[in-house]
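Below: run_13.txt (compact mmCIF, C-alpha atoms and all ligand atoms)
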# COMPACT_ATOMS: atom_id res chain seq x y z
CA MET E 1 148.11 181.91 159.51
CA LYS E 2 150.16 182.59 162.62
CA THR E 3 152.02 179.71 164.26
CA ASP E 4 150.82 178.42 167.63
CA ILE E 5 153.98 179.21 169.60
CA LYS E 6 152.98 177.31 172.74
CA SER E 7 152.89 174.04 170.80
CA LEU E 8 156.57 174.35 169.84
CA THR E 9 159.16 172.39 171.80
CA LEU E 10 162.22 174.29 172.98
CA ASP E 11 164.27 172.88 170.09
CA GLU E 12 161.62 173.90 167.59
CA LEU E 13 161.48 177.37 169.09
CA LYS E 14 165.26 177.69 168.89
CA ALA E 15 165.11 176.78 165.20
CA GLU E 16 162.37 179.35 164.59
CA LEU E 17 164.34 182.09 166.32
CA ALA E 18 167.48 181.18 164.40
CA LYS E 19 165.48 181.76 161.19
CA MET E 20 164.63 185.22 162.51
CA GLY E 21 168.33 185.85 163.12
CA GLU E 22 167.93 185.79 166.91
CA LYS E 23 170.13 184.11 169.49
CA ALA E 24 169.21 180.69 170.87
CA PHE E 25 169.13 181.85 174.50
CA LYS E 26 166.16 184.07 173.67
CA ALA E 27 164.22 180.92 172.82
CA GLY E 28 164.96 179.71 176.34
CA GLN E 29 163.61 182.95 177.81
CA ILE E 30 160.43 182.84 175.73
CA TYR E 31 159.93 179.15 176.48
CA SER E 32 160.26 179.84 180.17
CA TRP E 33 157.70 182.67 180.00
CA LEU E 34 155.24 180.42 178.22
CA HIS E 35 155.77 177.17 180.06
CA LYS E 36 157.14 178.00 183.49
CA ARG E 37 155.37 181.25 184.16
CA GLY E 38 152.26 180.66 182.07
CA ALA E 39 152.48 183.98 180.23
CA VAL E 40 149.35 184.69 178.20
CA SER E 41 150.73 187.56 176.09
CA PHE E 42 154.02 188.63 174.54
CA ASP E 43 153.84 191.91 176.44
CA GLU E 44 154.33 190.08 179.72
CA MET E 45 157.79 189.01 178.54
CA THR E 46 159.54 192.03 179.98
CA ASP E 47 163.09 190.80 179.47
CA ILE E 48 162.48 190.43 175.72
CA SER E 49 163.09 193.59 173.70
CA LYS E 50 160.05 195.45 172.46
CA ASN E 51 161.27 195.02 168.94
CA LEU E 52 161.45 191.23 169.20
CA ARG E 53 158.09 191.11 170.94
CA GLU E 54 156.54 193.00 167.99
CA ASN E 55 158.20 190.63 165.54
CA LEU E 56 156.90 187.66 167.47
CA LYS E 57 153.38 189.06 167.44
CA ASN E 58 153.49 189.26 163.65
CA SER E 59 154.29 185.58 163.16
CA TYR E 60 153.03 183.79 166.27
CA VAL E 61 149.97 183.55 168.43
CA ILE E 62 149.67 182.42 172.05
CA HIS E 63 146.60 180.25 172.38
CA ASN E 64 145.09 180.46 175.85
CA CYS E 65 142.04 179.03 177.55
CA SER E 66 139.62 181.50 179.06
CA ILE E 67 137.56 180.52 182.06
CA GLU E 68 133.97 180.24 180.89
CA LYS E 69 132.72 178.75 184.11
CA LYS E 70 134.28 177.62 187.38
CA LEU E 71 132.60 175.44 189.97
CA VAL E 72 134.06 174.76 193.40
CA SER E 73 132.82 171.79 195.39
CA MET E 74 131.52 172.58 198.85
CA TYR E 75 132.61 169.17 200.10
CA ASP E 76 136.22 168.77 199.04
CA SER E 77 137.33 171.95 197.21
CA THR E 78 137.54 170.12 193.90
CA VAL E 79 137.43 172.73 191.15
CA LYS E 80 135.88 172.15 187.78
CA TYR E 81 136.62 174.45 184.88
CA LEU E 82 134.81 174.93 181.65
CA PHE E 83 137.38 176.56 179.36
CA ARG E 84 136.74 178.36 176.10
CA LEU E 85 139.36 177.84 173.39
CA HIS E 86 140.50 180.40 170.82
CA ASP E 87 137.97 179.13 168.28
CA GLY E 88 135.10 179.17 170.74
CA GLU E 89 135.01 175.44 171.51
CA LEU E 90 134.54 174.33 175.11
CA ILE E 91 136.59 171.83 177.11
CA GLU E 92 136.67 170.71 180.74
CA SER E 93 139.35 170.19 183.36
CA VAL E 94 139.13 169.28 187.02
CA VAL E 95 141.61 170.09 189.80
CA MET E 96 141.59 167.79 192.82
CA LYS E 97 143.47 168.18 196.06
CA TYR E 98 145.07 165.10 197.54
CA LYS E 99 147.41 164.68 200.48
CA TYR E 100 150.38 164.54 198.12
CA GLY E 101 149.45 167.62 196.11
CA TYR E 102 147.21 168.88 193.35
CA THR E 103 146.15 166.68 190.47
CA ILE E 104 144.61 167.98 187.29
CA CYS E 105 142.43 165.93 184.99
CA VAL E 106 142.83 167.27 181.45
CA SER E 107 140.88 166.83 178.22
CA SER E 108 142.60 165.71 175.03
CA GLN E 109 139.90 166.31 172.42
CA VAL E 110 136.80 168.45 171.91
CA GLY E 111 134.16 165.71 172.13
CA CYS E 112 135.00 162.09 171.48
CA LYS E 113 134.51 159.47 168.74
CA MET E 114 134.47 156.42 170.96
CA GLY E 115 130.80 156.41 171.94
CA CYS E 116 130.99 154.56 175.27
CA ARG E 117 127.35 154.25 176.29
CA PHE E 118 127.75 155.37 179.90
CA CYS E 119 129.87 158.43 179.10
CA ALA E 120 128.65 161.97 178.47
CA SER E 121 131.75 163.07 176.58
CA GLY E 122 130.81 161.71 173.19
CA ILE E 123 127.07 162.24 173.17
CA ALA E 124 127.35 165.31 170.96
CA GLY E 125 130.03 163.64 168.80
CA PHE E 126 133.59 164.55 167.99
CA ILE E 127 134.67 168.04 167.00
CA ARG E 128 138.47 168.16 166.89
CA ASN E 129 141.75 167.21 168.47
CA LEU E 130 143.41 169.49 170.99
CA GLU E 131 146.82 170.92 170.16
CA PRO E 132 149.67 170.42 172.65
CA SER E 133 149.29 174.09 173.64
CA GLU E 134 145.63 173.55 174.48
CA ILE E 135 146.35 170.62 176.76
CA LEU E 136 149.15 172.59 178.44
CA SER E 137 146.99 175.70 178.79
CA GLN E 138 144.45 173.82 180.89
CA ILE E 139 147.20 173.32 183.47
CA TYR E 140 148.71 176.78 183.19
CA THR E 141 145.34 178.52 183.48
CA ALA E 142 144.27 176.48 186.51
CA GLN E 143 147.62 177.07 188.23
CA ARG E 144 147.38 180.80 187.71
CA ASP E 145 143.78 181.03 188.72
CA LEU E 146 144.20 179.02 191.92
CA ASP E 147 147.75 180.20 192.64
CA ILE E 148 148.98 176.64 193.09
CA ARG E 149 151.53 174.24 191.62
CA ILE E 150 150.09 171.15 190.05
CA SER E 151 152.15 168.02 190.69
CA HIS E 152 150.14 165.25 189.06
CA ILE E 153 148.28 164.91 185.77
CA VAL E 154 145.64 162.44 184.69
CA MET E 155 144.58 162.33 181.07
CA MET E 156 141.07 161.29 181.94
CA GLY E 157 139.03 164.23 180.78
CA VAL E 158 137.01 164.48 177.60
CA GLY E 159 138.46 162.66 174.58
CA GLU E 160 140.50 159.59 173.80
CA PRO E 161 144.19 160.48 174.21
CA LEU E 162 145.47 157.66 172.00
CA ASP E 163 143.19 158.88 169.20
CA ASN E 164 145.19 162.15 169.28
CA PHE E 165 148.52 160.40 169.60
CA ASP E 166 151.01 162.89 168.17
CA ASN E 167 149.66 165.91 170.02
CA VAL E 168 149.30 164.00 173.26
CA THR E 169 152.82 162.59 173.19
CA LYS E 170 154.21 166.01 172.32
CA PHE E 171 152.27 167.42 175.27
CA LEU E 172 153.77 164.72 177.52
CA ALA E 173 157.27 165.57 176.36
CA MET E 174 156.72 169.28 176.94
CA VAL E 175 155.06 169.02 180.34
CA SER E 176 157.82 166.77 181.64
CA ASP E 177 160.59 168.95 180.16
CA GLU E 178 162.77 170.54 182.81
CA ASN E 179 162.48 173.84 180.94
CA GLY E 180 158.72 173.74 181.48
CA LEU E 181 156.62 172.43 184.37
CA ASN E 182 158.98 169.49 184.78
CA ILE E 183 156.28 167.10 185.98
CA GLY E 184 157.76 163.62 186.16
CA MET E 185 156.25 160.86 184.02
CA ARG E 186 155.64 158.85 187.17
CA ASN E 187 153.19 161.55 188.20
CA ILE E 188 151.23 161.23 184.97
CA SER E 189 148.47 158.77 184.07
CA LEU E 190 147.03 158.30 180.64
CA SER E 191 143.69 156.57 180.25
CA THR E 192 142.53 154.79 177.11
CA CYS E 193 139.31 153.01 176.23
CA GLY E 194 141.47 150.39 174.51
CA VAL E 195 142.89 151.77 171.27
CA VAL E 196 145.26 148.87 170.75
CA THR E 197 147.35 150.39 167.95
CA GLY E 198 147.93 153.39 170.20
CA ILE E 199 148.99 151.19 173.12
CA TYR E 200 151.70 149.63 170.91
CA LYS E 201 152.87 153.02 169.66
CA LEU E 202 153.03 154.30 173.23
CA MET E 203 154.92 151.18 174.28
CA GLU E 204 157.70 152.03 171.83
CA LYS E 205 158.24 155.33 173.62
CA LYS E 206 158.89 153.46 176.87
CA LEU E 207 157.52 156.23 179.05
CA GLN E 208 157.35 155.80 182.80
CA LEU E 209 153.77 157.05 182.99
CA THR E 210 150.89 154.95 184.31
CA LEU E 211 148.68 153.49 181.63
CA SER E 212 145.05 153.16 182.68
CA VAL E 213 142.82 150.97 180.59
CA SER E 214 139.06 151.42 180.71
CA LEU E 215 137.99 147.80 180.72
CA HIS E 216 134.54 148.05 182.35
CA ALA E 217 133.50 144.50 181.45
CA PRO E 218 134.73 140.94 181.94
CA ASN E 219 133.55 139.56 178.60
CA ASP E 220 133.04 140.67 175.01
CA GLU E 221 129.30 140.43 175.19
CA ILE E 222 128.96 143.08 177.88
CA ARG E 223 131.90 145.13 176.66
CA SER E 224 130.67 145.39 173.07
CA GLU E 225 127.27 146.38 174.40
CA THR E 226 128.67 149.27 176.44
CA MET E 227 131.86 150.18 174.52
CA PRO E 228 131.75 150.13 170.70
CA VAL E 229 135.58 150.17 170.58
CA ASN E 230 135.39 146.51 171.62
CA ASN E 231 134.08 145.61 168.16
CA LYS E 232 137.40 146.73 166.74
CA TRP E 233 139.71 145.35 169.42
CA ASN E 234 138.16 142.71 171.64
CA ILE E 235 139.18 141.90 175.21
CA ASP E 236 141.71 139.21 174.25
CA THR E 237 143.43 141.56 171.80
CA LEU E 238 143.38 144.36 174.35
CA LEU E 239 144.75 142.25 177.19
CA LYS E 240 147.48 140.88 174.96
CA ALA E 241 148.51 144.45 174.19
CA CYS E 242 148.49 145.19 177.93
CA ARG E 243 150.71 142.19 178.68
CA ASP E 244 153.11 143.24 175.92
CA TYR E 245 153.08 146.78 177.27
CA THR E 246 153.98 145.64 180.77
CA LYS E 247 156.71 143.39 179.44
CA ALA E 248 158.27 146.24 177.48
CA THR E 249 157.96 148.95 180.13
CA SER E 250 157.82 147.04 183.45
CA ARG E 251 154.94 149.33 184.37
CA ARG E 252 151.88 148.06 186.17
CA ILE E 253 148.63 148.70 184.31
CA SER E 254 145.61 150.12 186.05
CA PHE E 255 142.28 148.75 184.85
CA GLU E 256 139.29 151.01 185.29
CA TYR E 257 136.01 149.26 185.91
CA ALA E 258 132.85 151.37 186.15
CA MET E 259 130.36 149.45 188.27
CA ILE E 260 126.95 149.62 186.61
CA ASP E 261 123.91 148.30 188.42
CA GLY E 262 122.74 145.04 186.90
CA VAL E 263 125.07 145.29 183.90
CA ASN E 264 128.59 144.23 184.93
CA ASP E 265 128.48 143.89 188.70
CA SER E 266 127.48 140.27 189.41
CA ASP E 267 129.71 137.85 191.29
CA GLU E 268 130.05 135.90 188.07
CA CYS E 269 131.41 139.06 186.38
CA ALA E 270 133.96 139.41 189.17
CA ARG E 271 135.06 135.79 188.76
CA GLN E 272 135.40 136.17 184.99
CA LEU E 273 137.38 139.36 185.43
CA ALA E 274 139.70 137.73 187.95
CA SER E 275 140.42 134.82 185.66
CA ARG E 276 141.13 137.08 182.69
CA LEU E 277 143.55 139.24 184.65
CA LYS E 278 145.26 136.32 186.35
CA GLY E 279 149.02 136.65 186.44
CA MET E 280 149.09 140.21 185.11
CA LEU E 281 151.03 143.00 186.79
CA CYS E 282 147.95 145.13 187.32
CA HIS E 283 145.58 146.91 189.58
CA VAL E 284 141.80 147.24 189.35
CA ASN E 285 140.12 150.52 190.11
CA LEU E 286 136.39 150.22 190.63
CA ILE E 287 134.37 153.34 189.88
CA PRO E 288 130.71 153.48 190.89
CA VAL E 289 129.28 154.71 187.58
CA ASN E 290 128.08 158.31 187.53
CA SER E 291 124.57 158.65 186.25
CA VAL E 292 124.42 160.66 183.07
CA LYS E 293 121.16 162.44 182.32
CA GLU E 294 120.88 161.05 178.78
CA ARG E 295 121.52 157.44 179.85
CA ASP E 296 119.73 155.20 182.29
CA TYR E 297 122.75 153.48 183.84
CA LYS E 298 122.83 153.48 187.62
CA LYS E 299 125.55 153.01 190.22
CA SER E 300 125.98 149.51 191.63
CA LYS E 301 124.73 148.94 195.16
CA GLU E 302 127.31 149.09 197.97
CA GLU E 303 126.83 145.41 198.63
CA ARG E 304 127.76 144.56 195.00
CA ILE E 305 130.92 146.63 195.18
CA ARG E 306 131.98 144.97 198.43
CA SER E 307 131.37 141.53 197.03
CA PHE E 308 133.28 142.37 193.83
CA ILE E 309 136.32 143.50 195.81
CA LYS E 310 136.22 140.38 197.93
CA ILE E 311 136.24 138.07 194.91
CA LEU E 312 139.03 139.97 193.13
CA GLU E 313 141.19 140.20 196.23
CA ALA E 314 140.71 136.52 197.00
CA LYS E 315 142.25 135.86 193.59
CA GLY E 316 145.17 138.09 194.47
CA ILE E 317 144.14 141.08 192.37
CA ASN E 318 144.89 144.39 193.94
CA THR E 319 141.63 146.40 193.94
CA THR E 320 140.60 149.88 195.02
CA VAL E 321 137.41 151.90 194.78
CA ARG E 322 137.76 155.37 193.37
CA ARG E 323 136.92 158.07 195.85
CA THR E 324 134.23 160.38 194.57
CA LEU E 325 135.33 163.99 194.50
CA GLY E 326 133.30 166.97 193.46
CA SER E 327 130.04 165.04 193.30
CA ASP E 328 128.06 168.25 193.80
CA ILE E 329 129.60 169.96 190.75
CA ASN E 330 129.19 167.26 188.09
CA ALA E 331 132.94 166.90 188.17
CA SER E 332 133.11 163.90 185.90
CA CYS E 333 133.10 162.79 182.34
CA GLY E 334 132.00 165.59 180.09
CA GLN E 335 128.95 166.48 182.08
CA LEU E 336 129.63 170.18 182.36
CA ARG E 337 130.46 170.75 178.73
CA ARG E 338 127.42 168.70 177.80
CA GLY E 339 125.17 170.82 180.01
CA GLU E 340 126.54 173.98 178.46
CA THR E 341 126.48 173.06 174.78
CA ASN E 342 122.96 171.74 175.27
CA ARG E 343 121.65 175.12 176.23
CA GLU E 344 122.96 176.79 173.10
N1 LIG E 401 138.92 158.01 176.56
C1 LIG E 401 139.72 157.65 177.69
C2 LIG E 401 139.85 158.80 178.62
C3 LIG E 401 138.60 159.16 179.37
S1 LIG E 401 138.95 158.74 180.99
C4 LIG E 401 139.17 156.40 178.34
O1 LIG E 401 138.11 155.95 177.94
O2 LIG E 401 139.83 155.83 179.20
C5 LIG E 401 137.52 158.80 181.79
C6 LIG E 401 137.24 157.53 182.56
O3 LIG E 401 135.93 157.66 183.10
C7 LIG E 401 137.20 156.30 181.67
O4 LIG E 401 137.60 155.16 182.38
C8 LIG E 401 135.74 156.24 181.33
O5 LIG E 401 135.36 154.98 180.87
C9 LIG E 401 135.13 156.60 182.65
N2 LIG E 401 133.74 157.05 182.56
C10 LIG E 401 133.09 157.63 181.55
N3 LIG E 401 131.81 157.88 181.86
C11 LIG E 401 131.66 157.47 183.12
C12 LIG E 401 130.56 157.45 184.01
N4 LIG E 401 129.36 157.92 183.66
N5 LIG E 401 130.78 156.96 185.24
C13 LIG E 401 131.99 156.48 185.62
N6 LIG E 401 133.06 156.46 184.82
C14 LIG E 401 132.89 156.94 183.59

Kindly return the structure encoded in the file as structure tokens.
Ligand code: SAH
Amino acid sequence: MKTDIKSLTLDELKAELAKMGEKAFKAGQIYSWLHKRGAVSFDEMTDISKNLRENLKNSYVIHNCSIEKKLVSMYDSTVKYLFRLHDGELIESVVMKYKYGYTICVSSQVGCKMGCRFCASGIAGFIRNLEPSEILSQIYTAQRDLDIRISHIVMMGVGEPLDNFDNVTKFLAMVSDENGLNIGMRNISLSTCGVVTGIYKLMEKKLQLTLSVSLHAPNDEIRSETMPVNNKWNIDTLLKACRDYTKATSRRISFEYAMIDGVNDSDECARQLASRLKGMLCHVNLIPVNSVKERDYKKSKEERIRSFIKILEAKGINTTVRRTLGSDINASCGQLRRGETNRE
């Protein structure tokens, strides 16, 4: 089988070329074609000799994403992509425009094992992990297609990034490498549903990225009901890991809280949440839940959201409500892939 060349770091590529009897600087040129210029074929690499290009083709493959579907929001020019991978699997990415630049939301797995009840990503189960090249290609393909530079990344697409730890951390190293896109860790967020072992492993790497934790409930009763991962690591265990993480990295954690009508949005829930998060270096991001066709969860009423914010802020917890982008194109949470695989 041919090696996936886009998943090799520059050092790995140098070692591979040395084995072929080539000079190290050629690895730099190839790396730059792949990761700076988003080349999708060896033939684009015009400053590489034809002979070397042919040799490369014999041993390596460039895995790209092809655009299966592209939806552009009429409201806010958010773009949602459904990408097809080399083995035919489908993944989603979303590009959002903010004042400070373009942010891409990337997927880390095909499907998901975590089974959060309100989320469309895992309804059809888990298929496989994405390779570093496949996470990178989502960015490269979107940049080429839209003719833009992406400045921020959120790992909040389909999949649980900490359940694909090695590939995700390799991706992070490559995307922040100055020989590639050179996107600073401070411009990257990684979201987890609460895989505690993964949080500790990530902590050891002491990255300057923002860790988002999908909390979505103030107590174990509600959380276990909506997020099966809570049966493995309950809220106390998760929050302890978050405190340890902040201590080790000095980074503020962002807690995601999907507001679900009648499930987790009472004033009592807000009070419980505030007391659990007391004293933590954190931020709460409220997300009015998106209705998913297969589930009957509904968005909280405006009045509930306002009251929730008031209670949290009164306790000194910094709180924001996520702005909804791309609401006309099902821009969130595995909905597009779900719609597509359903039809097959
Ligand atoms: N597996 C990671 C990454 C997915 S991020 C995680 O769970 O954090 C996607 C974010 O959207 C998570 O906070 C997830 O809980 C949330 N989410 C999933 N389905 C949603 C829905 N229907 N409405 C609002 N948020 C949702």

message: For ligand LIG 401 (chain E), return the neighbouring residues as an MDAnalysis selection string (distance at most 7 Å; all atoms listed in the file).
response: chainID E and resid 118:120 155:161 191:193 212:214 256 258 287:292 333

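Closest to Leu181 in chain E among E:Thr103, E:Ser59, E:Ser32, E:Ser250 is E:Ser32, based on only C-alpha atoms.
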
If I wrap all listed atoms of range 243-261 of chain E in a box with edges along x, y and z and add 5 Å on each side, what are its centre and edge lengths in Å to one decimal, as lines of an AutoDock Vina configuration file?
center_x = 141.1
center_y = 146.8
center_z = 182.2
size_x = 44.4
size_y = 19.2
size_z = 22.5

What are the closest atom pairs, with distances in Å to one decimal, for each residue of range 43-124 of chain E lying within 12 Å of range 168-179 of chain E, using only C-alpha atoms, rows by chain and rising residue number, as a tab-separated table?
residue	atom	partner	partner_atom	distance
E:Val106	CA	E:Val168	CA	10.9
E:Ser107	CA	E:Val168	CA	10.2
E:Ser108	CA	E:Val168	CA	7.1
E:Gln109	CA	E:Val168	CA	9.7

- request: Can you pull out every residue within 10 Å of range 18-20 of chain E, counting all atoms listed in the file, but drop anything in the same chain fewer than 6 positions away, and send it as JSON, numbers by chain?
  value: {"E": [12, 26, 27, 52, 55, 56]}

query: E:Lys206, E:Arg117, E:Lys99, E:Lys315: which is nearest Arg223 in chain E, counting only C-alpha atoms?
result: E:Arg117

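Going from CA of Leu17 in chain E over to CA of Leu130 in chain E, you cover 24.9 Å.
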
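Counting only C-alpha atoms and comparing E:Met259, E:Leu136, E:Leu277, E:Ile153, the residue that lies closest to Lys36 in chain E is E:Leu136.
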
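Residues in contact with Val229 in chain E at 8 Å, where all atoms listed in the file are counted and same-chain residues fewer than 4 positions away are skipped, are listed as Met114, Gly115, Cys116, Cys193, Gly194, Val195, Ser224, Trp233 and Asn234 of chain E.
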
Counting all atoms listed in the file, the option among E:Leu209, E:Ile127, E:Met96, E:Leu71 closest to Gly111 in chain E: E:Ile127

- request: Counting all atoms listed in the file, figure out which residue out of E:Ala241, E:Ile235, E:Ile150, E:Ile30 gets nearest to Thr197 in chain E.
  value: E:Ala241

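Between Arg53 in chain E and the residues E:Cys282, E:Val154, E:Cys242, E:Ser41, the shortest atom-to-atom distance, using all atoms listed in the file, involves E:Ser41.
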
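Of note, CA of Val95 in chain E and CA of Tyr75 in chain E are spaced 13.7 Å apart.
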
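Shown here are all protein and nucleic acid residues lying within 10 Å of (138.1, 179.7, 169.5), with all atoms listed in the file considered: His63, Asn64, Cys65, Ser66, Arg84, Leu85, His86, Asp87, Gly88, Glu89 and Leu90 of chain E.
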
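Between CA of Asn231 in chain E and CA of Val284 in chain E there is a distance of 22.6 Å.
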
- request: Enumerate, as an NGL selection string, the protein, DNA and RNA residues whose atoms approach (149.9, 185.0, 156.3) to within 12 Å, taking into account all atoms listed in the file and the coordinate frame of the file.
  value: :E and (1-3 or 58-60)

message: as a PyMOL selection string, please: the residues near Leu273 in chain E (cut-off 8 Å, only C-alpha atoms, same-chain neighbours under 3 positions excluded).
response: chain E and resi 217-219+269-270+276-277+312

Would you pick out the contacts of Arg251 in chain E at 9 Å or less, using all atoms listed in the file, so that residues sharing its chain but fewer than 3 positions from it are not included, and give the list as a tab-separated table (two decimals) with C-alpha atoms, in the coordinates of the input?
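The result, written out as around_35.tsv:
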chain	number	residue	atom	x	y	z
E	208	GLN	CA	157.35	155.80	182.80
E	209	LEU	CA	153.77	157.05	182.99
E	210	THR	CA	150.89	154.95	184.31
E	211	LEU	CA	148.68	153.49	181.63
E	245	TYR	CA	153.08	146.78	177.27
E	246	THR	CA	153.98	145.64	180.77
E	247	LYS	CA	156.71	143.39	179.44
E	248	ALA	CA	158.27	146.24	177.48
E	281	LEU	CA	151.03	143.00	186.79
E	282	CYS	CA	147.95	145.13	187.32
